[in-house]
>>> print(open('coords_28.csv').read())   # CSV, C-alpha atoms
chain,number,residue,atom,x,y,z
A,1,MET,CA,-22.5,72.9,-90.7
A,2,ASN,CA,-22.5,69.4,-92.2
A,3,LEU,CA,-23.3,69.7,-95.9
A,4,SER,CA,-23.6,66.5,-97.9
A,5,ARG,CA,-21.0,65.5,-100.5
A,6,GLU,CA,-22.3,62.5,-102.3
A,7,ASN,CA,-19.6,59.9,-102.6
A,8,SER,CA,-18.9,57.6,-105.6
A,9,SER,CA,-21.2,54.8,-104.3
A,10,THR,CA,-24.2,57.1,-104.4
A,11,HIS,CA,-23.2,59.0,-107.6
A,12,SER,CA,-24.8,56.6,-110.1
A,13,GLN,CA,-28.0,56.7,-108.1
A,14,ALA,CA,-27.9,60.5,-108.2
A,15,ALA,CA,-27.3,60.5,-111.9
A,16,LYS,CA,-30.4,58.3,-112.5
A,17,ARG,CA,-32.6,60.2,-110.2
A,18,ILE,CA,-34.8,63.0,-111.6
A,19,TYR,CA,-34.7,66.0,-109.1
A,20,ASP,CA,-37.6,68.4,-109.2
A,21,PHE,CA,-35.2,71.4,-109.1
A,22,VAL,CA,-31.5,71.8,-109.7
A,23,VAL,CA,-30.0,75.1,-108.6
A,24,VAL,CA,-26.6,76.0,-110.0
A,25,GLY,CA,-24.6,78.2,-107.7
A,26,GLY,CA,-23.7,78.2,-104.0
A,27,GLY,CA,-23.7,81.9,-103.4
A,28,ILE,CA,-26.4,83.7,-101.5
A,29,LEU,CA,-28.8,83.9,-104.5
A,30,GLY,CA,-28.6,80.2,-105.2
A,31,MET,CA,-29.0,79.2,-101.5
A,32,SER,CA,-31.8,81.7,-101.0
A,33,THR,CA,-33.6,80.2,-104.0
A,34,ALA,CA,-33.1,76.6,-102.9
A,35,TRP,CA,-34.2,77.3,-99.4
A,36,GLN,CA,-37.4,79.1,-100.5
A,37,LEU,CA,-38.2,76.4,-103.1
A,38,GLN,CA,-38.2,73.9,-100.3
A,39,SER,CA,-40.4,76.1,-98.2
A,40,LYS,CA,-42.9,76.5,-101.1
A,41,TYR,CA,-42.7,72.9,-102.3
A,42,PRO,CA,-41.8,70.7,-99.3
A,43,ASP,CA,-42.7,67.5,-101.2
A,44,LYS,CA,-40.3,68.3,-104.0
A,45,SER,CA,-36.5,67.5,-104.3
A,46,VAL,CA,-33.9,70.2,-104.6
A,47,LEU,CA,-30.2,69.7,-105.6
A,48,VAL,CA,-27.7,72.6,-105.4
A,49,LEU,CA,-24.5,72.3,-107.6
A,50,GLU,CA,-21.5,74.4,-106.6
A,51,LYS,CA,-18.1,74.2,-108.3
A,52,GLU,CA,-16.2,75.4,-105.3
A,53,SER,CA,-15.5,73.5,-102.0
A,54,GLY,CA,-17.9,75.7,-100.0
A,55,VAL,CA,-20.6,78.3,-100.1
A,56,ALA,CA,-20.1,82.0,-100.8
A,57,GLN,CA,-16.7,81.7,-102.4
A,58,HIS,CA,-17.1,84.6,-104.9
A,59,GLN,CA,-19.3,87.8,-104.9
A,60,THR,CA,-21.2,86.8,-101.7
A,61,GLY,CA,-18.1,86.3,-99.7
A,62,HIS,CA,-16.1,89.2,-101.1
A,63,ASN,CA,-18.3,92.3,-100.6
A,64,SER,CA,-18.6,95.1,-98.1
A,65,GLY,CA,-21.3,93.3,-96.1
A,66,VAL,CA,-23.7,96.2,-96.3
A,67,ILE,CA,-27.4,95.8,-95.8
A,68,HIS,CA,-28.4,98.5,-98.3
A,69,ALA,CA,-31.5,100.6,-97.9
A,70,GLY,CA,-32.2,101.3,-101.6
A,71,VAL,CA,-31.1,105.0,-101.8
A,72,TYR,CA,-29.7,105.1,-105.4
A,73,TYR,CA,-32.0,102.9,-107.5
A,74,LYS,CA,-34.6,104.1,-110.1
A,75,PRO,CA,-38.1,104.1,-108.6
A,76,GLY,CA,-40.1,101.1,-109.7
A,77,SER,CA,-37.0,99.1,-110.8
A,78,LEU,CA,-36.4,95.6,-109.4
A,79,LYS,CA,-33.3,96.9,-107.6
A,80,ALA,CA,-35.4,99.6,-105.8
A,81,LEU,CA,-38.2,97.2,-104.9
A,82,PHE,CA,-36.1,94.2,-104.0
A,83,CYS,CA,-33.5,96.2,-102.0
A,84,LYS,CA,-36.1,97.8,-99.8
A,85,GLU,CA,-37.9,94.5,-99.2
A,86,GLY,CA,-34.6,92.7,-98.8
A,87,ASN,CA,-33.4,95.2,-96.1
A,88,THR,CA,-36.2,94.1,-93.8
A,89,ALA,CA,-36.1,90.4,-94.9
A,90,THR,CA,-32.4,90.1,-94.3
A,91,LYS,CA,-32.6,91.5,-90.8
A,92,GLN,CA,-35.6,89.3,-90.0
A,93,PHE,CA,-33.7,86.2,-91.2
A,94,CYS,CA,-30.7,87.2,-89.1
A,95,THR,CA,-32.9,87.7,-86.0
A,96,GLU,CA,-34.6,84.4,-86.4
A,97,HIS,CA,-31.4,82.4,-86.8
A,98,GLY,CA,-29.1,84.2,-84.4
A,99,ILE,CA,-26.8,85.9,-87.0
A,100,ALA,CA,-25.2,89.1,-85.8
A,101,PHE,CA,-25.9,92.3,-87.7
A,102,ASP,CA,-25.6,96.0,-86.8
A,103,GLU,CA,-28.1,98.6,-88.0
A,104,CYS,CA,-25.5,101.3,-87.8
A,105,GLY,CA,-26.9,103.6,-90.4
A,106,LYS,CA,-25.1,105.3,-93.3
A,107,LEU,CA,-24.0,108.8,-94.1
A,108,LEU,CA,-23.6,110.0,-97.7
A,109,VAL,CA,-21.2,113.0,-97.4
A,110,ALA,CA,-21.1,116.0,-99.7
A,111,THR,CA,-17.6,117.6,-99.8
A,112,ASN,CA,-18.1,120.4,-102.3
A,113,ALA,CA,-20.9,122.5,-103.9
A,114,LYS,CA,-21.4,120.1,-106.9
A,115,GLU,CA,-21.9,117.1,-104.5
A,116,LEU,CA,-24.4,119.2,-102.5
A,117,GLU,CA,-26.4,119.6,-105.7
A,118,ARG,CA,-26.2,115.8,-106.3
A,119,MET,CA,-27.2,115.2,-102.7
A,120,GLN,CA,-30.5,117.1,-103.2
A,121,ASP,CA,-31.2,114.7,-106.1
A,122,LEU,CA,-30.6,111.8,-103.8
A,123,VAL,CA,-33.0,113.3,-101.2
A,124,THR,CA,-35.7,113.3,-103.9
A,125,ARG,CA,-34.8,109.8,-104.9
A,126,CYS,CA,-35.1,108.6,-101.3
A,127,ALA,CA,-38.6,110.2,-101.1
A,128,GLU,CA,-39.6,108.4,-104.3
A,129,ASN,CA,-38.4,105.1,-103.0
A,130,GLY,CA,-39.9,105.5,-99.6
A,131,ILE,CA,-36.6,105.5,-97.8
A,132,GLU,CA,-36.5,107.3,-94.4
A,133,ILE,CA,-33.6,109.7,-94.2
A,134,GLU,CA,-32.4,112.8,-92.3
A,135,VAL,CA,-30.6,115.6,-94.0
A,136,LEU,CA,-27.7,117.0,-92.0
A,137,ASP,CA,-26.0,120.3,-92.3
A,138,GLN,CA,-22.2,120.8,-91.7
A,139,GLN,CA,-22.6,121.2,-88.0
A,140,LYS,CA,-24.9,118.2,-87.5
A,141,LEU,CA,-22.5,116.1,-89.6
A,142,ARG,CA,-19.6,117.1,-87.4
A,143,GLU,CA,-21.6,116.3,-84.3
A,144,ARG,CA,-22.4,112.8,-85.6
A,145,GLU,CA,-19.0,112.2,-87.1
A,146,PRO,CA,-16.1,114.3,-85.6
A,147,ASN,CA,-13.5,112.7,-87.9
A,148,ILE,CA,-15.5,113.3,-91.1
A,149,THR,CA,-15.4,116.6,-93.1
A,150,GLY,CA,-18.2,117.7,-95.4
A,151,LEU,CA,-20.6,120.5,-96.2
A,152,GLY,CA,-23.6,118.3,-95.5
A,153,ALA,CA,-24.8,114.7,-95.5
A,154,ILE,CA,-27.8,112.3,-95.8
A,155,PHE,CA,-28.3,110.0,-92.9
A,156,VAL,CA,-29.9,106.7,-93.8
A,157,PRO,CA,-30.8,104.9,-90.5
A,158,SER,CA,-31.9,101.6,-92.0
A,159,THR,CA,-28.6,100.7,-93.6
A,160,GLY,CA,-26.8,98.0,-91.7
A,161,ILE,CA,-23.8,95.6,-91.8
A,162,VAL,CA,-23.6,91.8,-91.7
A,163,ASN,CA,-21.5,88.8,-92.7
A,164,TYR,CA,-23.3,87.4,-95.8
A,165,THR,CA,-21.2,84.3,-95.8
A,166,GLN,CA,-22.8,83.4,-92.4
A,167,ILE,CA,-26.3,84.0,-93.9
A,168,THR,CA,-25.5,81.8,-96.9
A,169,GLU,CA,-24.1,79.0,-94.6
A,170,LYS,CA,-27.3,79.1,-92.6
A,171,MET,CA,-29.5,78.9,-95.7
A,172,ALA,CA,-27.4,75.9,-96.9
A,173,GLU,CA,-27.9,74.2,-93.6
A,174,LEU,CA,-31.6,74.8,-93.8
A,175,VAL,CA,-31.6,73.3,-97.3
A,176,GLU,CA,-30.1,70.1,-96.0
A,177,LEU,CA,-32.3,70.0,-92.9
A,178,ASN,CA,-35.3,69.9,-95.3
A,179,ASN,CA,-33.8,67.0,-97.2
A,180,GLY,CA,-32.2,68.9,-100.0
A,181,THR,CA,-28.8,68.1,-101.3
A,182,VAL,CA,-25.8,70.3,-101.8
A,183,ARG,CA,-22.9,69.1,-103.9
A,184,PHE,CA,-19.6,71.0,-103.8
A,185,ASN,CA,-16.7,70.5,-106.2
A,186,THR,CA,-19.2,69.9,-109.0
A,187,GLU,CA,-18.8,72.2,-112.0
A,188,VAL,CA,-21.5,72.5,-114.7
A,189,LYS,CA,-20.2,71.9,-118.2
A,190,GLY,CA,-23.3,71.7,-120.2
A,191,ILE,CA,-27.1,71.8,-120.2
A,192,GLU,CA,-29.5,69.9,-122.5
A,193,GLU,CA,-33.2,70.8,-122.3
A,194,PHE,CA,-36.0,68.3,-123.2
A,195,VAL,CA,-39.8,68.6,-123.2
A,196,ASP,CA,-40.1,67.1,-119.8
A,197,ARG,CA,-36.7,67.5,-118.1
A,198,VAL,CA,-33.2,69.1,-118.1
A,199,THR,CA,-30.0,67.2,-118.2
A,200,VAL,CA,-27.1,68.9,-116.5
A,201,PHE,CA,-23.6,67.7,-117.4
A,202,THR,CA,-20.9,68.3,-114.8
A,203,ASP,CA,-17.3,67.2,-114.2
A,204,LYS,CA,-18.8,64.7,-111.8
A,205,GLY,CA,-21.3,63.2,-114.2
A,206,ARG,CA,-24.8,64.1,-115.3
A,207,PHE,CA,-27.9,65.0,-113.3
A,208,GLN,CA,-31.5,65.1,-114.3
A,209,ALA,CA,-34.0,67.7,-113.2
A,210,ARG,CA,-37.5,68.9,-114.1
A,211,TYR,CA,-36.4,72.6,-113.8
A,212,LEU,CA,-33.1,74.4,-113.5
A,213,VAL,CA,-32.3,77.7,-111.9
A,214,ALA,CA,-28.8,79.2,-112.6
A,215,CYS,CA,-27.4,81.7,-110.1
A,216,SER,CA,-23.9,81.6,-111.4
A,217,GLY,CA,-22.7,85.2,-111.0
A,218,LEU,CA,-19.5,85.7,-112.9
A,219,HIS,CA,-20.4,82.9,-115.3
A,220,SER,CA,-24.0,83.8,-115.9
A,221,ASP,CA,-23.6,84.6,-119.6
A,222,SER,CA,-21.9,81.3,-120.2
A,223,MET,CA,-24.7,79.6,-118.4
A,224,VAL,CA,-27.3,81.3,-120.6
A,225,LYS,CA,-25.4,80.0,-123.7
A,226,MET,CA,-25.5,76.5,-122.2
A,227,MET,CA,-29.3,76.9,-122.0
A,228,GLY,CA,-29.4,77.5,-125.7
A,229,LEU,CA,-30.2,81.2,-125.5
A,230,LYS,CA,-28.2,84.1,-127.0
A,231,PRO,CA,-27.4,86.7,-124.5
A,232,GLU,CA,-27.1,90.3,-125.8
A,233,PHE,CA,-24.8,91.1,-122.8
A,234,ARG,CA,-21.5,89.9,-121.5
A,235,ILE,CA,-20.3,89.7,-117.9
A,236,ILE,CA,-17.4,92.1,-117.4
A,237,PRO,CA,-15.5,91.5,-114.2
A,238,PHE,CA,-14.5,94.6,-112.1
A,239,ARG,CA,-12.1,94.0,-109.2
A,240,GLY,CA,-13.0,95.9,-106.1
A,241,GLU,CA,-9.9,96.5,-104.0
A,242,TYR,CA,-10.1,97.1,-100.3
A,243,PHE,CA,-7.8,98.1,-97.5
A,244,LEU,CA,-8.2,97.5,-93.8
A,245,LEU,CA,-7.6,100.3,-91.3
A,246,LYS,CA,-5.2,99.5,-88.5
A,247,SER,CA,-6.9,98.6,-85.3
A,248,GLN,CA,-6.3,102.0,-83.6
A,249,HIS,CA,-8.8,103.4,-86.1
A,250,ASN,CA,-11.7,101.0,-85.3
A,251,GLN,CA,-13.6,103.9,-83.7
A,252,ILE,CA,-12.8,106.5,-86.3
A,253,VAL,CA,-16.5,106.5,-87.6
A,254,ASN,CA,-19.8,105.7,-86.0
A,255,HIS,CA,-21.6,104.9,-89.2
A,256,LEU,CA,-20.9,103.7,-92.7
A,257,ILE,CA,-19.4,106.7,-94.6
A,258,TYR,CA,-20.1,107.0,-98.4
A,259,PRO,CA,-19.3,109.7,-100.9
A,260,ILE,CA,-22.0,111.3,-103.0
A,261,PRO,CA,-21.8,109.3,-106.2
A,262,ASP,CA,-21.4,110.7,-109.6
A,263,PRO,CA,-24.6,109.8,-111.4
A,264,ASP,CA,-22.8,109.4,-114.7
A,265,LEU,CA,-20.6,106.6,-113.4
A,266,PRO,CA,-21.9,103.0,-112.7
A,267,PHE,CA,-20.1,102.6,-109.3
A,268,LEU,CA,-20.6,104.3,-105.9
A,269,GLY,CA,-17.1,105.3,-104.9
A,270,VAL,CA,-14.7,104.4,-102.1
A,271,HIS,CA,-16.3,104.3,-98.7
A,272,LEU,CA,-15.5,103.6,-95.1
A,273,THR,CA,-17.3,100.5,-93.8
A,274,ARG,CA,-17.7,99.5,-90.1
A,275,MET,CA,-17.6,95.7,-90.4
A,276,VAL,CA,-19.8,93.5,-88.1
A,277,ASP,CA,-16.6,92.4,-86.3
A,278,GLY,CA,-15.7,96.0,-85.4
A,279,THR,CA,-13.0,96.5,-87.9
A,280,VAL,CA,-13.1,99.3,-90.6
A,281,THR,CA,-12.5,98.7,-94.3
A,282,VAL,CA,-11.8,101.2,-97.0
A,283,GLY,CA,-13.1,100.6,-100.5
A,284,PRO,CA,-13.9,99.3,-103.0
A,285,ASN,CA,-12.7,100.9,-106.2
A,286,ALA,CA,-13.7,99.4,-109.5
A,287,VAL,CA,-10.8,98.2,-111.7
A,288,LEU,CA,-11.3,96.2,-114.9
A,289,ALA,CA,-10.1,92.6,-114.1
A,290,PHE,CA,-8.4,90.5,-116.7
A,291,ARG,CA,-9.9,87.3,-115.4
A,292,ARG,CA,-13.4,86.5,-114.2
A,293,GLU,CA,-12.1,85.3,-110.8
A,294,GLY,CA,-9.1,87.7,-110.9
A,295,TYR,CA,-9.0,88.7,-107.2
A,296,LYS,CA,-5.3,89.6,-107.5
A,297,LYS,CA,-3.7,92.0,-109.8
A,298,THR,CA,-1.5,89.2,-111.2
A,299,ASP,CA,-4.6,87.0,-112.0
A,300,ILE,CA,-4.7,87.2,-115.8
A,301,SER,CA,-6.3,84.9,-118.3
A,302,VAL,CA,-5.3,85.6,-121.9
A,303,PHE,CA,-8.3,83.6,-123.2
A,304,GLU,CA,-10.8,85.5,-121.0
A,305,THR,CA,-9.1,88.9,-121.7
A,306,LEU,CA,-9.2,88.4,-125.5
A,307,GLY,CA,-12.9,87.3,-125.2
A,308,MET,CA,-13.7,90.5,-123.3
A,309,PHE,CA,-11.9,92.8,-125.7
A,310,PHE,CA,-13.4,91.2,-128.8
A,311,PHE,CA,-16.8,92.1,-127.2
A,312,PRO,CA,-17.7,95.5,-128.7
A,313,GLY,CA,-19.6,96.5,-125.6
A,314,LEU,CA,-16.4,96.7,-123.5
A,315,ILE,CA,-14.6,99.0,-125.8
A,316,LYS,CA,-17.6,101.3,-126.0
A,317,LEU,CA,-17.9,101.3,-122.2
A,318,VAL,CA,-14.2,102.1,-121.7
A,319,LEU,CA,-14.4,105.0,-124.3
A,320,LYS,CA,-17.5,106.3,-122.7
A,321,HIS,CA,-15.8,106.4,-119.2
A,322,PHE,CA,-12.2,106.7,-120.4
A,323,LYS,CA,-11.1,109.3,-117.8
A,324,ALA,CA,-12.7,107.4,-114.9
A,325,THR,CA,-11.2,104.1,-116.2
A,326,MET,CA,-7.7,105.5,-116.3
A,327,ASN,CA,-8.1,107.1,-112.8
A,328,GLU,CA,-9.2,103.8,-111.4
A,329,LEU,CA,-6.2,102.0,-112.9
A,330,LYS,CA,-3.9,104.8,-111.6
A,331,ASN,CA,-5.2,104.6,-108.1
A,332,SER,CA,-5.1,100.9,-108.1
A,333,CYS,CA,-1.3,101.2,-108.6
A,334,SER,CA,-0.9,104.0,-106.1
A,335,LYS,CA,-1.9,103.6,-102.5
A,336,SER,CA,-1.5,107.4,-102.0
A,337,GLY,CA,-3.8,108.1,-105.0
A,338,TYR,CA,-6.4,105.7,-103.6
A,339,LEU,CA,-6.1,107.3,-100.2
A,340,LYS,CA,-6.9,110.8,-101.6
A,341,LEU,CA,-10.4,109.5,-102.5
A,342,VAL,CA,-11.0,108.9,-98.8
A,343,GLN,CA,-9.2,112.0,-97.5
A,344,LYS,CA,-11.8,114.1,-99.2
A,345,TYR,CA,-14.1,113.3,-96.3
A,346,CYS,CA,-11.7,111.7,-93.8
A,347,PRO,CA,-8.5,113.9,-93.9
A,348,SER,CA,-6.8,112.4,-90.9
A,349,LEU,CA,-6.0,109.1,-92.5
A,350,GLU,CA,-2.5,108.5,-93.8
A,351,VAL,CA,-1.0,105.9,-96.2
A,352,GLY,CA,0.5,103.9,-93.3
A,353,ASP,CA,-3.0,103.4,-91.9
A,354,LEU,CA,-4.0,101.2,-94.8
A,355,ALA,CA,-3.3,97.4,-94.5
A,356,ASP,CA,-3.9,94.8,-97.1
A,357,TYR,CA,-7.4,93.2,-97.3
A,358,PRO,CA,-8.9,90.7,-99.8
A,359,SER,CA,-10.4,92.1,-103.0
A,360,GLY,CA,-13.8,91.2,-104.5
A,361,ILE,CA,-15.0,90.9,-108.1
A,362,ARG,CA,-18.2,92.5,-109.3
A,363,ALA,CA,-19.9,90.6,-112.1
A,364,GLN,CA,-21.3,93.4,-114.2
A,365,ALA,CA,-23.5,92.7,-117.3
A,366,VAL,CA,-22.7,95.1,-120.2
A,367,MET,CA,-24.7,95.3,-123.4
A,368,ARG,CA,-23.2,95.3,-126.9
A,369,ASN,CA,-23.7,99.1,-127.2
A,370,GLY,CA,-21.6,99.7,-124.1
A,371,ASP,CA,-24.4,100.3,-121.7
A,372,VAL,CA,-24.1,98.9,-118.2
A,373,VAL,CA,-27.2,96.8,-117.3
A,374,ASP,CA,-28.6,98.9,-114.5
A,375,ASP,CA,-31.2,96.5,-113.0
A,376,PHE,CA,-31.4,92.9,-112.1
A,377,LEU,CA,-31.8,90.8,-115.2
A,378,PHE,CA,-33.3,87.3,-115.8
A,379,MET,CA,-33.6,85.1,-118.9
A,380,ASN,CA,-35.6,81.9,-119.2
A,381,SER,CA,-36.4,79.0,-121.5
A,382,SER,CA,-39.2,76.5,-121.0
A,383,ARG,CA,-37.5,74.7,-118.1
A,384,CYS,CA,-34.5,76.9,-117.2
A,385,LEU,CA,-34.2,80.3,-115.6
A,386,ALA,CA,-31.0,82.2,-115.2
A,387,VAL,CA,-30.1,85.2,-113.1
A,388,CYS,CA,-28.1,87.3,-115.6
A,389,ASN,CA,-27.2,90.5,-113.8
A,390,ALA,CA,-27.1,90.6,-110.0
A,391,PRO,CA,-24.3,92.9,-108.6
A,392,SER,CA,-24.9,95.0,-105.6
A,393,PRO,CA,-27.5,95.2,-103.9
A,394,ALA,CA,-28.0,91.5,-104.8
A,395,ALA,CA,-26.9,90.2,-101.4
A,396,THR,CA,-29.3,92.6,-99.6
A,397,SER,CA,-32.0,91.6,-102.1
A,398,ALA,CA,-31.3,87.8,-102.0
A,399,ILE,CA,-34.5,86.8,-100.3
A,400,PRO,CA,-36.9,88.8,-102.6
A,401,ILE,CA,-34.9,87.7,-105.6
A,402,GLY,CA,-35.4,84.1,-104.6
A,403,LYS,CA,-39.1,84.7,-104.2
A,404,HIS,CA,-39.2,86.4,-107.6
A,405,ILE,CA,-37.5,83.4,-109.2
A,406,ILE,CA,-40.0,81.0,-107.6
A,407,ASP,CA,-42.9,83.2,-108.7
A,408,GLN,CA,-41.6,83.0,-112.3
A,409,LEU,CA,-41.4,79.2,-112.1
A,410,ALA,CA,-44.8,78.8,-110.4
A,411,LYS,CA,-47.0,78.4,-113.5
A,412,GLN,CA,-44.6,75.8,-115.0
A,413,VAL,CA,-44.4,73.8,-111.7
A,414,MET,CA,-48.2,73.8,-111.4
A,415,ASP,CA,-48.6,72.3,-114.9
>>> encode(input="coords_28.csv", output="structure tokens")
Amino acid sequence: MNLSRENSSTHSQAAKRIYDFVVVGGGILGMSTAWQLQSKYPDKSVLVLEKESGVAQHQTGHNSGVIHAGVYYKPGSLKALFCKEGNTATKQFCTEHGIAFDECGKLLVATNAKELERMQDLVTRCAENGIEIEVLDQQKLREREPNITGLGAIFVPSTGIVNYTQITEKMAELVELNNGTVRFNTEVKGIEEFVDRVTVFTDKGRFQARYLVACSGLHSDSMVKMMGLKPEFRIIPFRGEYFLLKSQHNQIVNHLIYPIPDPDLPFLGVHLTRMVDGTVTVGPNAVLAFRREGYKKTDISVFETLGMFFFPGLIKLVLKHFKATMNELKNSCSKSGYLKLVQKYCPSLEVGDLADYPSGIRAQAVMRNGDVVDDFLFMNSSRCLAVCNAPSPAATSAIPIGKHIIDQLAKQVMD
């Protein structure tokens, strides 16, 4: 892939030029939006600004790689609608562009009576969302997964696995092939909106655009403030820690294996994931990070941490889920404690089977009252639109999210 990096000789020209669209963010949402903008408006110019040296450096490149089916989400919500549409669209994109994916299916495993009750609620939710499933009893579960222990399970055949970085790279390549421009190592520092244009100030100079779309993930609340709006939420980073099973366990499961989630908690629980390269990962958990890009336990920003703890929503969220918060911290510090979460449904695994694997960060919007923002969230001004909350299943939903953004811009663009 040969993405353009404008040199100093062309920079002054770029600063004077007025682009039709500037997209901030080189993750899968930004690239999906830029690619679809060019498809809808082939005569208009598109510029993508990314502060890192390549695409998919944050949430897109640090997730489980699951093509979700849409099992958990409230019927009628954007997550439910976009995830189901995105499941099909993602696979179609991969097929058209030769990107490997595996429609391996997922099992949600109930290991006790309480989880069996919750499983029935998920069966109802799947029916409401139009998700094809098969309910397995204990015997059928054992037949499908000899190494997994449970009282029953839900099989979701449309769930798959893919490398989202590869998808993002292909979208970026398509942006450039259609005469778009991608600028890496260019960090947005400010935005000024006028009646007829937007000025974007970066560490590499300023750029002019008629419209701006911000897909800035971990920094989306900061981007909203730059737009002159007042967000009622704050992005709270949660580190998702993973382990890699040693290669002798690559055949330990035939599907993705998930626990039945606790509906009172905002995260899904530690699962076994068959990656598209044949390896198997364990995770993620959900540990409060002390830096927005705090992929390591030692990554701490005093400034960002103080900002988070002065936000009343974080304290209320922690108090609301105090026991779960403490358990996540404890298991983050104890590999054996972490392993017990997996041994509930895969008892044969031992501590020595877990090898180090890179962590991810979930950018979760939290309201001032301590509520986790449950759905995708967008904010806009006259010439700017920001994606404010887009954690999982955003990667699965990237194509319909991009389409939604373009639909929101359509009336303004036509004026």
>>> atom_distance(input="coords_28.csv", atom1="atom CA of Thr186 of chain A", atom2="atom CA of Glu52 of chain A")
7.3 Å
>>> closest_atom_pairs(input="coords_28.csv", of="segment 301-390 of chain A", to="segment 73-84 of chain A", cutoff="12 Å", atoms="all atoms listed in the file", output="JSON lines")
{"residue": "A:Val373", "atom": "CA", "partner": "A:Lys79", "partner_atom": "CA", "distance": 11.5}
{"residue": "A:Asp374", "atom": "CA", "partner": "A:Lys79", "partner_atom": "CA", "distance": 8.6}
{"residue": "A:Asp375", "atom": "CA", "partner": "A:Lys79", "partner_atom": "CA", "distance": 5.8}
{"residue": "A:Phe376", "atom": "CA", "partner": "A:Leu78", "partner_atom": "CA", "distance": 6.3}
{"residue": "A:Leu377", "atom": "CA", "partner": "A:Leu78", "partner_atom": "CA", "distance": 8.8}
{"residue": "A:Phe378", "atom": "CA", "partner": "A:Leu78", "partner_atom": "CA", "distance": 10.9}
{"residue": "A:Asn389", "atom": "CA", "partner": "A:Lys79", "partner_atom": "CA", "distance": 10.8}
{"residue": "A:Ala390", "atom": "CA", "partner": "A:Lys79", "partner_atom": "CA", "distance": 9.2}
>>> residues_around(input="coords_28.csv", residues="segment 54-58 of chain A", least_positions_apart="2", cutoff="10 Å", atoms="only C-alpha atoms", output="ChimeraX atom specification")
/A:3,25-31,50-52,60-63,164-169,171-172,182-185,216-218,293,295,360-363
>>> residues_around(input="coords_28.csv", residues="segment 89-106 of chain A", least_positions_apart="6", cutoff="8 Å", atoms="all atoms listed in the file", output="PyMOL selection string")
chain A and resi 67+154-163+166-167+170+254-258+276+396-397+399-400
>>> closest_atom_pairs(input="coords_28.csv", of="segment 146-241 of chain A", to="segment 297-317 of chain A", cutoff="9 Å", atoms="all atoms listed in the file", output="JSON lines")
{"residue": "A:Phe233", "atom": "CA", "partner": "A:Gly313", "partner_atom": "CA", "distance": 8.0}
{"residue": "A:Arg234", "atom": "CA", "partner": "A:Phe311", "partner_atom": "CA", "distance": 7.7}
{"residue": "A:Ile235", "atom": "CA", "partner": "A:Met308", "partner_atom": "CA", "distance": 8.6}
{"residue": "A:Ile236", "atom": "CA", "partner": "A:Met308", "partner_atom": "CA", "distance": 7.1}
{"residue": "A:Arg239", "atom": "CA", "partner": "A:Lys297", "partner_atom": "CA", "distance": 8.7}
>>> write_last_selection(input="coords_28.csv", atoms="C-alpha atoms", output="PDB file, keeping the file's coordinate frame")
ATOM      1  CA  PHE A 233     -24.800  91.100-122.800  1.00  0.00           C
ATOM      2  CA  ARG A 234     -21.500  89.900-121.500  1.00  0.00           C
ATOM      3  CA  ILE A 235     -20.300  89.700-117.900  1.00  0.00           C
ATOM      4  CA  ILE A 236     -17.400  92.100-117.400  1.00  0.00           C
ATOM      5  CA  ARG A 239     -12.100  94.000-109.200  1.00  0.00           C
TER       6      ARG A 239
END
>>> atom_distance(input="coords_28.csv", atom1="atom CA of Val387 of chain A", atom2="atom CA of Val366 of chain A")
14.3 Å
